[in-house]
Amino acid sequence: MSRQIGEVVLDLKQVSLSFGGVKALTGISFDVREHEIRAIIGPNGAGKSSMLNVINGVYRPQEGEIILRGQRFTKMNPYKAAQAGISRTFQNIALFKGMNVIDNLMTGRNLKIRSNLIQQAFWWGPARREELEHRAKVEEVIDFLEIQHIRKTPVGRLPYGLQKRVDLGRALAMEPSILLLDEPMAGMNVEEKQDMCRFILDVNDQFGTTIVLIEHDMAVVMDISDRVVVLDYGKKIGDGDPDAVRNNPDVISAYLGASH
Amino acid sequence: MGFFLETLIGGLMAGMLYSLVALGFVLIFKASGVFNFAQGAMVLFAALAMARFAEWIPGWFGLEGSYLGTAAAFVVAGALMFVVAWLIERLVLRHLVNQEGATLLMATLGIAYVLEGVGSSLFGSSIYTIDVGMPKDPVFLFEGTFAGGLLINKEDFIAALIAAVLVGLLTLFFQKTTTGRALRAVADDHQAAQSIGIPLNRIWVIVWCVAGLVALVAGVIWGSKLGVQFSLSTVALRALPVVILGGLTSVPGAIIGGLIIGVGEKLSEVYIGPMVGGGIEIWFAYVLALVFLLFRPQGLFGEKIIDRV
């Protein structure tokens with residue numbers, strides 16, 4: 001493989017998050033290195049999505065700190081996270097249903113657009129040139145994900161598997177440095193899963209994007225990730241490369257039930 | 001024939017005015033997925049501001065009787081609508097990100113009362129007139145073609161023209177600009193829009209500001225026709241059937257819906273009215289809206305509601 005796993009880009013230290021009396025995450029620490037595929041696994045309700053939402057700035061943890069490229073997250077929100085180069089997909093697809101595929105992907109370019117409202121309104125020179133540039137970039141993403149045939153279809157009409165792909169496309173259109181994937185393969189058939197795996201590996205390989213993903217399909221996780229962190233009831237019970245995690249007794253008991 | 005055409009044209013002009021109000025609803029719905037109950041109050045507020053500023057400003061700067069005074073009043077009223085939009089975002093919407101549509105709907109109901117209250121305490125609650133210098137005299141057209149010609153109100157004609165231009169601009173804005181696309185994205189999904197880097201707060205200020213300006217134009221036109229009084233906020237109720245007919249998500253729909261309702265009202269009043277004792281004009285629009293709700297709930301031009309189970 002051409003990619004080289006680099007330094008730590010994202011470092012979480014003793015992160016705790018609670019909703020009222022419910023502790024969603026308790027003292028979680030792990031790090032993500034540049035260019036790697038980092039999986040977060042765990043049984044239902046383990047706090048995986050909460051973890052992703054903390055990285056994305058949707059939730060602010062009560063304790064602990066998150067360091068992104070040496071900088072502490074303070075008052076993070078999804079907009080700031082997007083500016084910092086973090087993009088994400090959603091467990092229950094959150095596409096803009098009324099718009100077609102191209103428009104959905106173009107929204108992903110929003111942060112990169114420099115022309116102002118007045119220039120856009122009059123379709124002024126720079127605004128026009130810019131629109132064309134971004135459109136070209138979006139076409140690249142469309143080619144990459146092999147969705148040329150549906151580029152003008154409103155996404156609400158697409159089958160589930162393709163919607164998932166468009167969701168990934170919108171995240172990619174942002175040209176993120178860190179990509180968060182929340183169950184990218186949930187509800188897919190085997191063929192769609194294989195495609196999705198291929199896209200994830202290609203993104204990682206060709207663009208060097210760091211990927212943090214949540215997934216339930218163990219075969220997939222063990223196959224594509226470099227390192228895996230395991231959560232259970234909001235606590236970290238395992239961390240390491242796939243083989244180490246597979247043989248970790250705590251992980252086995254969390255998944256198969258206690259066998260004391 | 002001449003009479004029929006006159007009724008038709010009268011209906012089209014009235015319809016254009018409904019469209020202007022309906023446009024306010026559509027704008028906010030498209031860009032935030034909220035049905036804005038405060039649109040009528042915004043029209044009233046804007047019209048009150050315009051009426052009073054047009055009275056005060058020429059007095060302060062010695063511009064009595066000149067167009068400059070009216071223009072200045074319009075600009076100041078527009079700026080005021082911007083402040084209102086900003087305050088609404090700051091004080092209300094910002095705290096309701098990712099909430100249910102119903103919560104936001106209730107919030108706009110509250111905004112309506114606050115606007116009405118603040119409007120009448122700032123600007124007084126008596127009846128005012130707005131005179132932007134629109135010609136009020138009727139003209140006769142096609143006198144050669146029909147006996148007696150067609151009687152057309154110049155003021156209505158200009159109002160319809162302004163509304164048409166406004167709609168054209170807004171359609172372009174929504175379909176062709178990056179900001180328009182961002183607005184549509186926010187309407188579909190707040191959270192997703194934020195996570196791909198669309199600044200929700202700024203988008204909301206923009207859209208309420210545009211809706212405020214549309215309310216101002218509607219307020220000025222309605223106000224100069226009927227005078228500015230409290231009942232102006234109920235023109236919103238007249239626009240309700242228009243958005244149901246045209247579709248809540250379509251700018252052209254608001255216009256065509258408005259035209260259909262305007263024409264339908266006038267024609268039915270004139271031709272069916274006598275048979276049932278008249279008064280059709282008052283309820284015609286609502287019955288039409290009801291029929292549409294039964295058979296085509298997304299309206300004529302609305303985006304089809306697709307839900308996967």
# chains A, B, ... in the order shown; residues from 1 in each chain; ligands from 1

call {"tool": "closest_atom_pairs", "arguments": {"of": "chain A", "to": "chain B", "cutoff": "9 Å", "atoms": "only C-alpha atoms", "output": "Markdown table"}}
result
| residue | atom | partner | partner_atom | distance |
| --- | --- | --- | --- | --- |
| A:Asn56 | CA | B:Ser195 | CA | 7.6 |
| A:Gly57 | CA | B:Ser195 | CA | 8.8 |
| A:Val58 | CA | B:Gln191 | CA | 8.6 |
| A:Asn77 | CA | B:Ser195 | CA | 8.5 |
| A:Pro78 | CA | B:Ser195 | CA | 4.7 |
| A:Tyr79 | CA | B:Gly197 | CA | 4.8 |
| A:Lys80 | CA | B:Gly197 | CA | 7.5 |
| A:Ala81 | CA | B:Ser195 | CA | 7.4 |
| A:Ala82 | CA | B:Gly197 | CA | 5.0 |
| A:Gln83 | CA | B:Gly197 | CA | 6.5 |
| A:Ile86 | CA | B:Ser195 | CA | 8.5 |
| A:Ser87 | CA | B:Ile196 | CA | 6.3 |
| A:Arg88 | CA | B:Ser195 | CA | 7.1 |
| A:Thr89 | CA | B:Ala192 | CA | 8.4 |
| A:Phe90 | CA | B:Ala192 | CA | 8.1 |
| A:Ala94 | CA | B:Ala192 | CA | 5.9 |
| A:Leu95 | CA | B:Ala192 | CA | 7.1 |
| A:Phe96 | CA | B:Asp188 | CA | 5.1 |
| A:Lys97 | CA | B:Asp188 | CA | 6.6 |
| A:Gly98 | CA | B:Glu303 | CA | 6.7 |
| A:Met99 | CA | B:Arg184 | CA | 8.0 |
| A:Asp103 | CA | B:Arg181 | CA | 7.2 |
| A:Asn104 | CA | B:Ala185 | CA | 7.8 |
| A:Met106 | CA | B:Arg181 | CA | 8.2 |
| A:Thr107 | CA | B:Ala182 | CA | 6.2 |
| A:Gly108 | CA | B:Ile196 | CA | 5.6 |
| A:Arg109 | CA | B:Ile196 | CA | 8.2 |
| A:Asn110 | CA | B:Ile198 | CA | 6.4 |
| A:Leu111 | CA | B:Gly197 | CA | 5.6 |
| A:Ile113 | CA | B:Thr178 | CA | 8.0 |
| A:Asn116 | CA | B:Thr179 | CA | 8.6 |
| A:Leu117 | CA | B:Thr179 | CA | 6.7 |
| A:Gln120 | CA | B:Thr177 | CA | 5.4 |
| A:Ala121 | CA | B:Phe173 | CA | 6.0 |
| A:Phe122 | CA | B:Phe173 | CA | 8.9 |
| A:Trp123 | CA | B:Thr177 | CA | 7.8 |
| A:Ala127 | CA | B:Thr177 | CA | 8.9 |
| A:Glu131 | CA | B:Thr178 | CA | 8.0 |
| A:Gly156 | CA | B:Ile306 | CA | 6.5 |
| A:Arg157 | CA | B:Ile306 | CA | 7.4 |
| A:Arg170 | CA | B:Ile196 | CA | 8.0 |
| A:Ala171 | CA | B:Ile196 | CA | 7.0 |
| A:Met174 | CA | B:Ile196 | CA | 7.2 |

call {"tool": "residues_around", "arguments": {"residues": "Val243 (chain B)", "least_positions_apart": "4", "cutoff": "6 Å", "atoms": "only C-alpha atoms", "output": "compact mmCIF listing (two decimals) with N, CA and C atoms, in the first residue's frame"}}
result
# COMPACT_ATOMS: atom_id res chain seq x y z
N ALA B 22 -48.22 35.32 -0.14
CA ALA B 22 -47.93 33.87 -0.15
C ALA B 22 -46.44 33.62 -0.30
N GLY B 247 -48.45 25.02 -3.63
CA GLY B 247 -47.41 24.17 -3.07
C GLY B 247 -46.50 25.01 -2.19
N LEU B 248 -46.27 24.49 -0.99
CA LEU B 248 -45.53 25.28 0.00
C LEU B 248 -44.06 25.48 -0.36
N ALA B 254 -46.50 29.85 -5.79
CA ALA B 254 -47.15 30.91 -5.01
C ALA B 254 -47.81 31.91 -5.95

call {"tool": "select_by_dssp", "arguments": {"residues": "region 6-133 of chain A", "states": "helix (DSSP H, G or I)", "output": "ChimeraX atom specification"}}
result
/A:48-56,78-83,101-107,110-112,117-121,125-133

call {"tool": "residues_around", "arguments": {"residues": "Ser224 (chain B)", "least_positions_apart": "5", "cutoff": "10 Å", "atoms": "only C-alpha atoms", "output": "ChimeraX atom specification"}}
result
/B:47,51,128-134,136,155,218-219

call {"tool": "write_last_selection", "arguments": {"atoms": "N, CA and C atoms", "output": "compact mmCIF listing (two decimals), in the first residue's frame"}}
result
# COMPACT_ATOMS: atom_id res chain seq x y z
N ALA B 47 -45.71 47.59 6.96
CA ALA B 47 -46.57 48.65 6.43
C ALA B 47 -46.67 49.81 7.42
N ALA B 51 -45.50 53.55 6.67
CA ALA B 51 -46.45 54.66 6.77
C ALA B 51 -45.92 55.76 7.68
N TYR B 128 -53.51 54.53 9.13
CA TYR B 128 -52.62 55.42 8.38
C TYR B 128 -52.78 55.18 6.89
N THR B 129 -52.29 56.12 6.14
CA THR B 129 -52.28 55.89 4.71
C THR B 129 -50.84 55.87 4.22
N ILE B 130 -50.61 55.11 3.18
CA ILE B 130 -49.30 55.12 2.54
C ILE B 130 -49.52 55.70 1.16
N ASP B 131 -48.76 56.73 0.85
CA ASP B 131 -48.86 57.26 -0.51
C ASP B 131 -47.47 57.26 -1.13
N VAL B 132 -47.21 56.27 -1.96
CA VAL B 132 -45.90 56.21 -2.61
C VAL B 132 -45.98 56.83 -4.00
N GLY B 133 -47.03 57.53 -4.23
CA GLY B 133 -47.15 58.24 -5.50
C GLY B 133 -47.53 57.35 -6.66
N MET B 134 -48.23 56.24 -6.35
CA MET B 134 -48.70 55.41 -7.46
C MET B 134 -49.93 56.06 -8.07
N LYS B 136 -53.46 56.60 -9.31
CA LYS B 136 -54.66 55.88 -8.89
C LYS B 136 -55.77 55.91 -9.94
N GLU B 155 -52.94 51.47 -10.79
CA GLU B 155 -52.24 51.09 -9.56
C GLU B 155 -52.09 49.58 -9.48
N ALA B 218 -45.21 43.87 0.03
CA ALA B 218 -46.63 43.53 0.12
C ALA B 218 -47.36 44.56 0.97
N GLY B 219 -46.75 44.93 2.08
CA GLY B 219 -47.37 45.90 2.99
C GLY B 219 -47.58 47.24 2.33

call {"tool": "closest_residue", "arguments": {"among": "A:Arg135, A:Lys152, A:His35, A:Lys23", "to": "Phe207 (chain A)", "atoms": "only C-alpha atoms"}}
result
A:His35

call {"tool": "residues_around", "arguments": {"residues": "Ile256 (chain B)", "least_positions_apart": "2", "cutoff": "12 Å", "atoms": "only C-alpha atoms", "output": "JSON, numbers by chain"}}
result
{"B": [12, 13, 15, 16, 17, 18, 19, 20, 22, 23, 163, 164, 167, 241, 242, 243, 244, 245, 246, 247, 250, 251, 252, 253, 254, 258, 259, 260, 261, 262, 263, 264, 299, 300, 301, 302]}

call {"tool": "write_last_selection", "arguments": {"atoms": "C-alpha atoms", "output": "mmCIF file, in the first residue's frame"}}
result
data_model
loop_
_atom_site.group_PDB
_atom_site.id
_atom_site.type_symbol
_atom_site.label_atom_id
_atom_site.label_comp_id
_atom_site.auth_asym_id
_atom_site.auth_seq_id
_atom_site.Cartn_x
_atom_site.Cartn_y
_atom_site.Cartn_z
ATOM 1 C CA LEU B 12 -55.380 38.523 -11.962
ATOM 2 C CA MET B 13 -54.377 41.771 -10.300
ATOM 3 C CA GLY B 15 -54.295 37.427 -7.328
ATOM 4 C CA MET B 16 -50.874 39.015 -7.765
ATOM 5 C CA LEU B 17 -51.325 40.728 -4.430
ATOM 6 C CA TYR B 18 -52.215 37.458 -2.713
ATOM 7 C CA SER B 19 -49.134 35.974 -4.315
ATOM 8 C CA LEU B 20 -46.927 38.591 -2.735
ATOM 9 C CA ALA B 22 -47.933 33.874 -0.150
ATOM 10 C CA LEU B 23 -44.360 34.364 -1.307
ATOM 11 C CA ALA B 163 -44.795 41.419 -7.854
ATOM 12 C CA ALA B 164 -43.873 39.657 -11.094
ATOM 13 C CA VAL B 167 -40.906 36.620 -8.086
ATOM 14 C CA PRO B 241 -55.234 28.923 0.346
ATOM 15 C CA VAL B 242 -52.761 30.281 -2.190
ATOM 16 C CA VAL B 243 -49.836 28.365 -0.714
ATOM 17 C CA ILE B 244 -51.900 25.217 -0.366
ATOM 18 C CA LEU B 245 -52.874 25.471 -4.014
ATOM 19 C CA GLY B 246 -49.446 26.384 -5.344
ATOM 20 C CA GLY B 247 -47.409 24.172 -3.070
ATOM 21 C CA SER B 250 -42.578 26.471 -4.895
ATOM 22 C CA VAL B 251 -41.964 30.142 -5.630
ATOM 23 C CA PRO B 252 -43.699 30.029 -9.031
ATOM 24 C CA GLY B 253 -46.449 28.010 -7.335
ATOM 25 C CA ALA B 254 -47.153 30.911 -5.007
ATOM 26 C CA GLY B 258 -52.392 33.462 -6.274
ATOM 27 C CA LEU B 259 -53.548 34.123 -9.826
ATOM 28 C CA ILE B 260 -55.888 31.134 -9.843
ATOM 29 C CA ILE B 261 -57.425 32.153 -6.543
ATOM 30 C CA GLY B 262 -57.732 35.797 -7.574
ATOM 31 C CA VAL B 263 -59.380 34.958 -10.873
ATOM 32 C CA GLY B 264 -61.499 32.174 -9.389
ATOM 33 C CA GLY B 299 -50.110 21.520 -4.262
ATOM 34 C CA LEU B 300 -49.685 22.168 -7.954
ATOM 35 C CA PHE B 301 -45.942 22.744 -7.961
ATOM 36 C CA GLY B 302 -44.794 21.500 -4.581
#

call {"tool": "residues_around", "arguments": {"residues": "Pro135 (chain B)", "least_positions_apart": "4", "cutoff": "9 Å", "atoms": "only C-alpha atoms", "output": "mmCIF file with N, CA and C atoms, in the first residue's frame"}}
result
data_model
loop_
_atom_site.group_PDB
_atom_site.id
_atom_site.type_symbol
_atom_site.label_atom_id
_atom_site.label_comp_id
_atom_site.auth_asym_id
_atom_site.auth_seq_id
_atom_site.Cartn_x
_atom_site.Cartn_y
_atom_site.Cartn_z
ATOM 1 N N ASN B 153 -57.288 49.436 -13.589
ATOM 2 C CA ASN B 153 -56.731 50.309 -12.577
ATOM 3 C C ASN B 153 -55.208 50.339 -12.716
ATOM 4 N N LYS B 154 -54.668 51.521 -12.949
ATOM 5 C CA LYS B 154 -53.231 51.649 -13.167
ATOM 6 C C LYS B 154 -52.429 51.152 -11.968
ATOM 7 N N GLU B 155 -52.937 51.473 -10.791
ATOM 8 C CA GLU B 155 -52.237 51.093 -9.564
ATOM 9 C C GLU B 155 -52.093 49.576 -9.479
ATOM 10 N N ILE B 158 -49.424 48.349 -11.919
ATOM 11 C CA ILE B 158 -48.047 48.534 -11.465
ATOM 12 C C ILE B 158 -47.701 47.548 -10.355
#

call {"tool": "closest_residue", "arguments": {"among": "A:Asp195, A:Glu215, A:Glu7, A:Glu175", "to": "Leu52 (chain A)", "atoms": "only C-alpha atoms"}}
result
A:Glu215

call {"tool": "residues_around", "arguments": {"residues": "region 191-193 of chain A", "least_positions_apart": "2", "cutoff": "12 Å", "atoms": "only C-alpha atoms", "output": "PyMOL selection string"}}
result
chain A and resi 159-165+183-189+195-200+215-217+219-221

call {"tool": "atom_distance", "arguments": {"atom1": "CA of Val214 (chain B)", "atom2": "CA of Leu48 (chain B)"}}
result
14.5 Å

call {"tool": "closest_residue", "arguments": {"among": "B:Val165, B:Leu8, B:Val118, B:Val34", "to": "Ala46 (chain B)", "atoms": "only C-alpha atoms"}}
result
B:Val118
